[in-house]
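Undergrad: This is the structure I have questions about; it appears just below.
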Amino acid sequence: MKQAKGIRAGLFGLTIATMALTAPLTQAAEQCEDTPLGETMEEMKTSFKSLRGAAKSGDWDSIAPARAKISELAATAADEEPMKLQDIDESERPQMLEDYRAGINRLQELLDELAAAEQARDLDGMRELVAQLGQHSKDSHKQFKKDCDD
Ligand code: HEM
């Protein structure tokens, strides 16, 4: 009887210890997904997928709305801040924020070039720009996205 109590107390202690150890990990993951910028970016991913699909099949009618939506989301992202700013020294934040906004401006420029390719019905040019957008997104994430798995 005494032994059973001891085991129960031990199990209880183990449960509490496990919860205490895993809580910070769960919290970190949630914080990574729940930022306003994270949500804007998730929407951008959906529109970028549509854009990629439309570029592949040459569906001009679907390109314009997807491009316009990404552009609208980029304008929202320009007013938001990367979470990574919190990880660096305060003195370095203004520079990173400036670089981040320049990256968003570059995204808008590529979207403007895409609009010109649309006007010209230049399918090759448009596919090349979609590839550049993908590369720019990849490079920007390397530079500005906090690694949420650590
Ligand atoms: C077509 C272009 C882009 C797409 C489809 C895209 C997509 C995404 C996705 C899916 C995430 C993950 C969101 C999450 O964690 O829930 C993300 C995060 C992020 N992206 Fe982008 N992205 C694009 C361009 C850019 C550009 C140009 C920049 C910066 C100049 C940027 C900066 C970031 C940052 C900083 C995060 C982390 C969120 C945070 O810090 O709160 N992205 N993006």
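Simple scheme: letters A, B, ... for chains in structure tokens order, numbers from 1 for residues in each chain, numbers from 1 for ligands in the order shown.
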Counting only C-alpha atoms, which residues of range 82-122 of chain A fall within 12 Å of range 67-70 of chain A, and what is the closest atom pair for each with its distance in Å at one decimal, ordered by chain and rising number, as a tab-separated table?
TA:
```
residue	atom	partner	partner_atom	distance
A:Ile104	CA	A:Ile70	CA	11.0
A:Leu107	CA	A:Ile70	CA	9.2
A:Gln108	CA	A:Ile70	CA	8.7
A:Glu109	CA	A:Arg67	CA	11.7
A:Leu110	CA	A:Arg67	CA	10.1
A:Leu111	CA	A:Arg67	CA	6.6
A:Asp112	CA	A:Arg67	CA	9.0
A:Glu113	CA	A:Arg67	CA	10.7
A:Leu114	CA	A:Arg67	CA	7.9
A:Ala115	CA	A:Arg67	CA	7.8
A:Ala116	CA	A:Arg67	CA	11.6
A:Ala117	CA	A:Arg67	CA	11.8
A:Glu118	CA	A:Arg67	CA	10.2
```
Undergrad: Using only C-alpha atoms and all ligand atoms, which residues of the polymer chains come no farther than 6 Å from ligand 1? I'd like the answer as a PDB file with N, CA and C atoms, in the first residue's frame.
TA:
```pdb
ATOM      1  N   CYS A  32       6.239  31.302 -32.871  1.00  0.00           N
ATOM      2  CA  CYS A  32       6.752  31.415 -34.235  1.00  0.00           C
ATOM      3  C   CYS A  32       5.615  31.506 -35.243  1.00  0.00           C
ATOM      4  N   GLU A  33       4.544  30.766 -34.970  1.00  0.00           N
ATOM      5  CA  GLU A  33       3.450  30.744 -35.945  1.00  0.00           C
ATOM      6  C   GLU A  33       2.477  31.902 -35.760  1.00  0.00           C
ATOM      7  N   THR A  35       2.783  35.193 -35.006  1.00  0.00           N
ATOM      8  CA  THR A  35       3.072  36.614 -35.177  1.00  0.00           C
ATOM      9  C   THR A  35       2.215  37.167 -36.318  1.00  0.00           C
ATOM     10  N   LEU A  37       3.195  38.992 -38.738  1.00  0.00           N
ATOM     11  CA  LEU A  37       3.940  38.794 -39.985  1.00  0.00           C
ATOM     12  C   LEU A  37       3.858  37.332 -40.453  1.00  0.00           C
ATOM     13  N   GLY A  38       3.927  36.405 -39.486  1.00  0.00           N
ATOM     14  CA  GLY A  38       3.808  34.980 -39.825  1.00  0.00           C
ATOM     15  C   GLY A  38       2.488  34.698 -40.535  1.00  0.00           C
ATOM     16  N   GLU A  39       1.414  35.320 -40.045  1.00  0.00           N
ATOM     17  CA  GLU A  39       0.094  35.109 -40.649  1.00  0.00           C
ATOM     18  C   GLU A  39       0.009  35.735 -42.040  1.00  0.00           C
ATOM     19  N   MET A  41       2.482  36.137 -44.016  1.00  0.00           N
ATOM     20  CA  MET A  41       3.325  35.293 -44.870  1.00  0.00           C
ATOM     21  C   MET A  41       2.622  33.994 -45.268  1.00  0.00           C
ATOM     22  N   GLU A  42       1.850  33.440 -44.328  1.00  0.00           N
ATOM     23  CA  GLU A  42       1.095  32.218 -44.649  1.00  0.00           C
ATOM     24  C   GLU A  42       0.128  32.488 -45.804  1.00  0.00           C
ATOM     25  N   MET A  44       0.527  34.795 -48.001  1.00  0.00           N
ATOM     26  CA  MET A  44       1.346  35.037 -49.191  1.00  0.00           C
ATOM     27  C   MET A  44       1.690  33.705 -49.865  1.00  0.00           C
ATOM     28  N   LYS A  45       1.937  32.706 -49.022  1.00  0.00           N
ATOM     29  CA  LYS A  45       2.276  31.383 -49.556  1.00  0.00           C
ATOM     30  C   LYS A  45       1.136  30.854 -50.427  1.00  0.00           C
ATOM     31  N   PHE A  48       1.098  32.787 -53.628  1.00  0.00           N
ATOM     32  CA  PHE A  48       2.269  32.477 -54.456  1.00  0.00           C
ATOM     33  C   PHE A  48       2.097  31.110 -55.137  1.00  0.00           C
ATOM     34  N   PRO A  82       9.960  41.566 -38.353  1.00  0.00           N
ATOM     35  CA  PRO A  82      10.390  40.180 -38.151  1.00  0.00           C
ATOM     36  C   PRO A  82      10.680  39.886 -36.667  1.00  0.00           C
ATOM     37  N   MET A  83      10.326  38.708 -36.265  1.00  0.00           N
ATOM     38  CA  MET A  83      10.555  38.289 -34.886  1.00  0.00           C
ATOM     39  C   MET A  83      12.054  38.248 -34.550  1.00  0.00           C
ATOM     40  N   LYS A  84      12.841  38.008 -35.563  1.00  0.00           N
ATOM     41  CA  LYS A  84      14.296  37.887 -35.365  1.00  0.00           C
ATOM     42  C   LYS A  84      14.902  39.158 -34.740  1.00  0.00           C
ATOM     43  N   TYR A 100      15.255  44.725 -43.971  1.00  0.00           N
ATOM     44  CA  TYR A 100      14.026  43.940 -44.146  1.00  0.00           C
ATOM     45  C   TYR A 100      13.051  44.699 -45.063  1.00  0.00           C
ATOM     46  N   GLY A 103      14.037  44.574 -48.544  1.00  0.00           N
ATOM     47  CA  GLY A 103      13.683  43.261 -49.104  1.00  0.00           C
ATOM     48  C   GLY A 103      12.230  43.221 -49.542  1.00  0.00           C
ATOM     49  N   ILE A 104      11.357  43.846 -48.762  1.00  0.00           N
ATOM     50  CA  ILE A 104       9.931  43.902 -49.127  1.00  0.00           C
ATOM     51  C   ILE A 104       9.761  44.807 -50.361  1.00  0.00           C
ATOM     52  N   LEU A 107      10.580  42.896 -53.362  1.00  0.00           N
ATOM     53  CA  LEU A 107       9.458  42.019 -53.700  1.00  0.00           C
ATOM     54  C   LEU A 107       8.431  42.799 -54.538  1.00  0.00           C
ATOM     55  N   LEU A 133      11.139  35.481 -57.973  1.00  0.00           N
ATOM     56  CA  LEU A 133      10.363  35.721 -56.740  1.00  0.00           C
ATOM     57  C   LEU A 133      10.631  34.609 -55.723  1.00  0.00           C
ATOM     58  N   SER A 137      12.426  35.139 -52.118  1.00  0.00           N
ATOM     59  CA  SER A 137      11.768  34.719 -50.882  1.00  0.00           C
ATOM     60  C   SER A 137      12.719  33.829 -50.067  1.00  0.00           C
ATOM     61  N   SER A 140      15.544  35.921 -48.592  1.00  0.00           N
ATOM     62  CA  SER A 140      15.043  36.797 -47.523  1.00  0.00           C
ATOM     63  C   SER A 140      14.795  36.006 -46.244  1.00  0.00           C
ATOM     64  N   HIS A 141      14.284  34.784 -46.408  1.00  0.00           N
ATOM     65  CA  HIS A 141      14.030  33.976 -45.206  1.00  0.00           C
ATOM     66  C   HIS A 141      15.334  33.620 -44.507  1.00  0.00           C
ATOM     67  N   PHE A 144      16.218  36.970 -42.693  1.00  0.00           N
ATOM     68  CA  PHE A 144      15.350  37.642 -41.715  1.00  0.00           C
ATOM     69  C   PHE A 144      14.462  36.734 -40.876  1.00  0.00           C
ATOM     70  N   LYS A 145      14.405  35.451 -41.236  1.00  0.00           N
ATOM     71  CA  LYS A 145      13.473  34.597 -40.514  1.00  0.00           C
ATOM     72  C   LYS A 145      14.183  33.936 -39.346  1.00  0.00           C
ATOM     73  N   LYS A 146      13.579  34.054 -38.200  1.00  0.00           N
ATOM     74  CA  LYS A 146      14.118  33.410 -37.005  1.00  0.00           C
ATOM     75  C   LYS A 146      13.978  31.896 -37.173  1.00  0.00           C
TER      76      LYS A 146
END
```
Undergrad: Please return as a count of residues only: the residues of range 12-130 of chain A that backbone DSSP assigns to alpha helix (DSSP H).
TA: 98
Undergrad: Would you pick out the contacts of Thr76 in chain A at 9 Å or less, using only C-alpha atoms, so that residues sharing its chain but fewer than 4 positions from it are not included, and give the list as JSON, numbers by chain?
TA: {"A": [37, 40, 71, 72, 80]}
Undergrad: Here is a test: counting only C-alpha atoms, which residue of A:Thr46, A:Gly58, A:Ile88, A:Ala74 is nearest to Gly125 in chain A?
TA: A:Gly58
Undergrad: In Å, how far is it from CA of Leu129 in chain A to CA of Ala75 in chain A?
TA: 19.3 Å
Undergrad: In Å, with one decimal, what is the gap from CA of Pro36 in chain A to CA of His136 in chain A?
TA: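 These atoms are spaced 20.8 Å apart.
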Undergrad: Could you check the closest approach to Met96 in chain A for each of A:Asp122, A:Glu43, A:Gln143, A:Glu128 and tell me which residue wins, using only C-alpha atoms?
TA: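 Nearest candidate to Met96 in chain A out of A:Asp122, A:Glu43, A:Gln143, A:Glu128: A:Gln143.
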